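Worksheet: one structure, shown below.
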Amino acid sequence: MFSKRQILKSFINGEAISLSIDDVKREATFIRFSQGILTIADADGNEEQIPMDRITAITL
């Protein structure tokens, strides 16, 4: 089984991802994952930084 960290490290910049943050499903664009912080962008291009411990699910 893969860890969240391993899965997040496998995404590339600009890739569409599906995930749950605090059990709320989201669709976003992956920007980067560094030092336990996921940076994503919404459909309008607004970036958001999410600590890894708030990510409850990642769909491949």
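Every chain in the structure tokens takes a letter, A first, then B, and so on in the order presented; its residues are numbered from 1, and the ligands are numbered from 1 following the presented order.
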
Hey, what's within 7 Å of range 10-21 of chain A if we count only C-alpha atoms and toss same-chain stuff fewer than 2 positions away? As a list in words, please? Gln6, Ile7, Leu8, Asp23, Val24, Lys25, Arg26, Glu27, Ala28, Thr29, Phe30, Ile31, Arg32, Arg54, Ile55, Thr56, Ala57, Ile58 and Thr59 of chain A

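Within range 5-34 of chain A, DSSP run on the backbone puts these residues in helix (DSSP H, G or I): Arg5, Gln6, Ile7, Leu8, Lys9 and Ser10 of chain A.
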
Just all heavy atoms for this one: save the residues we selected as a compact mmCIF listing (two decimals), in the first residue's frame.
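Saved as result-v3.txt:
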# COMPACT_ATOMS: atom_id res chain seq x y z
N ARG A 5 2.15 10.48 1.10
CA ARG A 5 3.35 11.18 0.64
C ARG A 5 3.83 10.60 -0.70
O ARG A 5 4.14 11.33 -1.63
CB ARG A 5 4.46 11.10 1.67
CG ARG A 5 5.73 11.83 1.29
CD ARG A 5 6.76 11.80 2.39
NE ARG A 5 6.32 12.43 3.62
CZ ARG A 5 6.33 13.73 3.85
NH1 ARG A 5 6.78 14.55 2.94
NH2 ARG A 5 5.90 14.22 5.00
N GLN A 6 3.88 9.26 -0.81
CA GLN A 6 4.33 8.62 -2.05
C GLN A 6 3.39 8.96 -3.21
O GLN A 6 3.84 9.22 -4.32
CB GLN A 6 4.41 7.11 -1.88
CG GLN A 6 5.53 6.66 -0.98
CD GLN A 6 5.44 5.17 -0.68
OE1 GLN A 6 4.38 4.67 -0.31
NE2 GLN A 6 6.56 4.48 -0.83
N ILE A 7 2.10 8.93 -2.94
CA ILE A 7 1.12 9.24 -3.99
C ILE A 7 1.26 10.68 -4.44
O ILE A 7 1.30 10.98 -5.63
CB ILE A 7 -0.31 8.93 -3.52
CG1 ILE A 7 -0.47 7.42 -3.32
CG2 ILE A 7 -1.34 9.46 -4.51
CD1 ILE A 7 -1.73 7.00 -2.61
N LEU A 8 1.35 11.61 -3.49
CA LEU A 8 1.46 13.03 -3.84
C LEU A 8 2.74 13.33 -4.60
O LEU A 8 2.74 14.17 -5.50
CB LEU A 8 1.35 13.89 -2.58
CG LEU A 8 -0.04 13.91 -1.94
CD1 LEU A 8 0.03 14.55 -0.56
CD2 LEU A 8 -1.03 14.63 -2.83
N LYS A 9 3.81 12.64 -4.28
CA LYS A 9 5.09 12.84 -4.98
C LYS A 9 5.02 12.34 -6.43
O LYS A 9 5.84 12.71 -7.25
CB LYS A 9 6.23 12.14 -4.25
CG LYS A 9 6.67 12.84 -2.99
CD LYS A 9 7.46 14.06 -3.35
CE LYS A 9 8.19 14.62 -2.15
NZ LYS A 9 8.86 15.86 -2.46
N SER A 10 4.03 11.48 -6.76
CA SER A 10 3.94 10.92 -8.11
C SER A 10 3.23 11.84 -9.10
O SER A 10 3.33 11.63 -10.31
CB SER A 10 3.23 9.56 -8.06
OG SER A 10 1.84 9.72 -7.82

Need to verify the contact set: Asp53 in chain A, 10 Å, only C-alpha atoms, exclusion of same-chain residues closer than 6 positions in sequence. Can you return it as number ranges by chain? A: 4, 21-22, 36-37

Would you mind exporting all heavy atoms of the selected residues as a PDB file, in the first residue's frame?
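This is the output file result.pdb:
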ATOM      1  N   LYS A   4       0.301   8.459   1.600  1.00  0.00           N
ATOM      2  CA  LYS A   4      -0.141   9.715   0.982  1.00  0.00           C
ATOM      3  C   LYS A   4       1.037  10.454   0.385  1.00  0.00           C
ATOM      4  O   LYS A   4       0.952  11.000  -0.714  1.00  0.00           O
ATOM      5  CB  LYS A   4      -0.855  10.614   1.999  1.00  0.00           C
ATOM      6  CG  LYS A   4      -2.246  10.177   2.340  1.00  0.00           C
ATOM      7  CD  LYS A   4      -2.970  11.231   3.159  1.00  0.00           C
ATOM      8  CE  LYS A   4      -2.517  11.253   4.582  1.00  0.00           C
ATOM      9  NZ  LYS A   4      -3.335  12.149   5.429  1.00  0.00           N
ATOM     10  N   ILE A  21     -10.461  16.740   1.261  1.00  0.00           N
ATOM     11  CA  ILE A  21      -9.797  17.548   2.273  1.00  0.00           C
ATOM     12  C   ILE A  21     -10.783  17.716   3.415  1.00  0.00           C
ATOM     13  O   ILE A  21     -11.886  18.234   3.214  1.00  0.00           O
ATOM     14  CB  ILE A  21      -9.363  18.911   1.697  1.00  0.00           C
ATOM     15  CG1 ILE A  21      -8.420  18.691   0.515  1.00  0.00           C
ATOM     16  CG2 ILE A  21      -8.724  19.767   2.773  1.00  0.00           C
ATOM     17  CD1 ILE A  21      -8.160  19.909  -0.317  1.00  0.00           C
ATOM     18  N   ASP A  22     -10.413  17.237   4.594  1.00  0.00           N
ATOM     19  CA  ASP A  22     -11.328  17.225   5.747  1.00  0.00           C
ATOM     20  C   ASP A  22     -12.650  16.563   5.374  1.00  0.00           C
ATOM     21  O   ASP A  22     -13.729  17.045   5.702  1.00  0.00           O
ATOM     22  CB  ASP A  22     -11.551  18.633   6.286  1.00  0.00           C
ATOM     23  CG  ASP A  22     -10.283  19.301   6.777  1.00  0.00           C
ATOM     24  OD1 ASP A  22      -9.398  18.579   7.288  1.00  0.00           O
ATOM     25  OD2 ASP A  22     -10.163  20.529   6.647  1.00  0.00           O
ATOM     26  N   GLY A  36       5.534  18.422   3.180  1.00  0.00           N
ATOM     27  CA  GLY A  36       4.245  18.091   3.783  1.00  0.00           C
ATOM     28  C   GLY A  36       3.112  19.033   3.429  1.00  0.00           C
ATOM     29  O   GLY A  36       2.033  18.932   4.004  1.00  0.00           O
ATOM     30  N   ILE A  37       3.330  19.935   2.475  1.00  0.00           N
ATOM     31  CA  ILE A  37       2.300  20.888   2.054  1.00  0.00           C
ATOM     32  C   ILE A  37       1.968  20.652   0.579  1.00  0.00           C
ATOM     33  O   ILE A  37       2.852  20.684  -0.277  1.00  0.00           O
ATOM     34  CB  ILE A  37       2.766  22.352   2.234  1.00  0.00           C
ATOM     35  CG1 ILE A  37       3.148  22.630   3.688  1.00  0.00           C
ATOM     36  CG2 ILE A  37       1.705  23.334   1.736  1.00  0.00           C
ATOM     37  CD1 ILE A  37       1.999  22.613   4.667  1.00  0.00           C
TER      38      ILE A  37
END

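CA of Phe2 in chain A sits 28.8 Å away from CA of Asn46 in chain A.
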
Select from chain A everything DSSP, run on the backbone, classes as strand (DSSP E), then give the selection as a PyMOL selection string. chain A and resi 16-21+24-34+37-41+47-51+55-59

Applying 9 Å and only C-alpha atoms, which residues near Gln49 in chain A remain after dropping the ones on its own chain fewer than 4 positions away? List them as a VMD selection string. chain A and resid 37 to 41
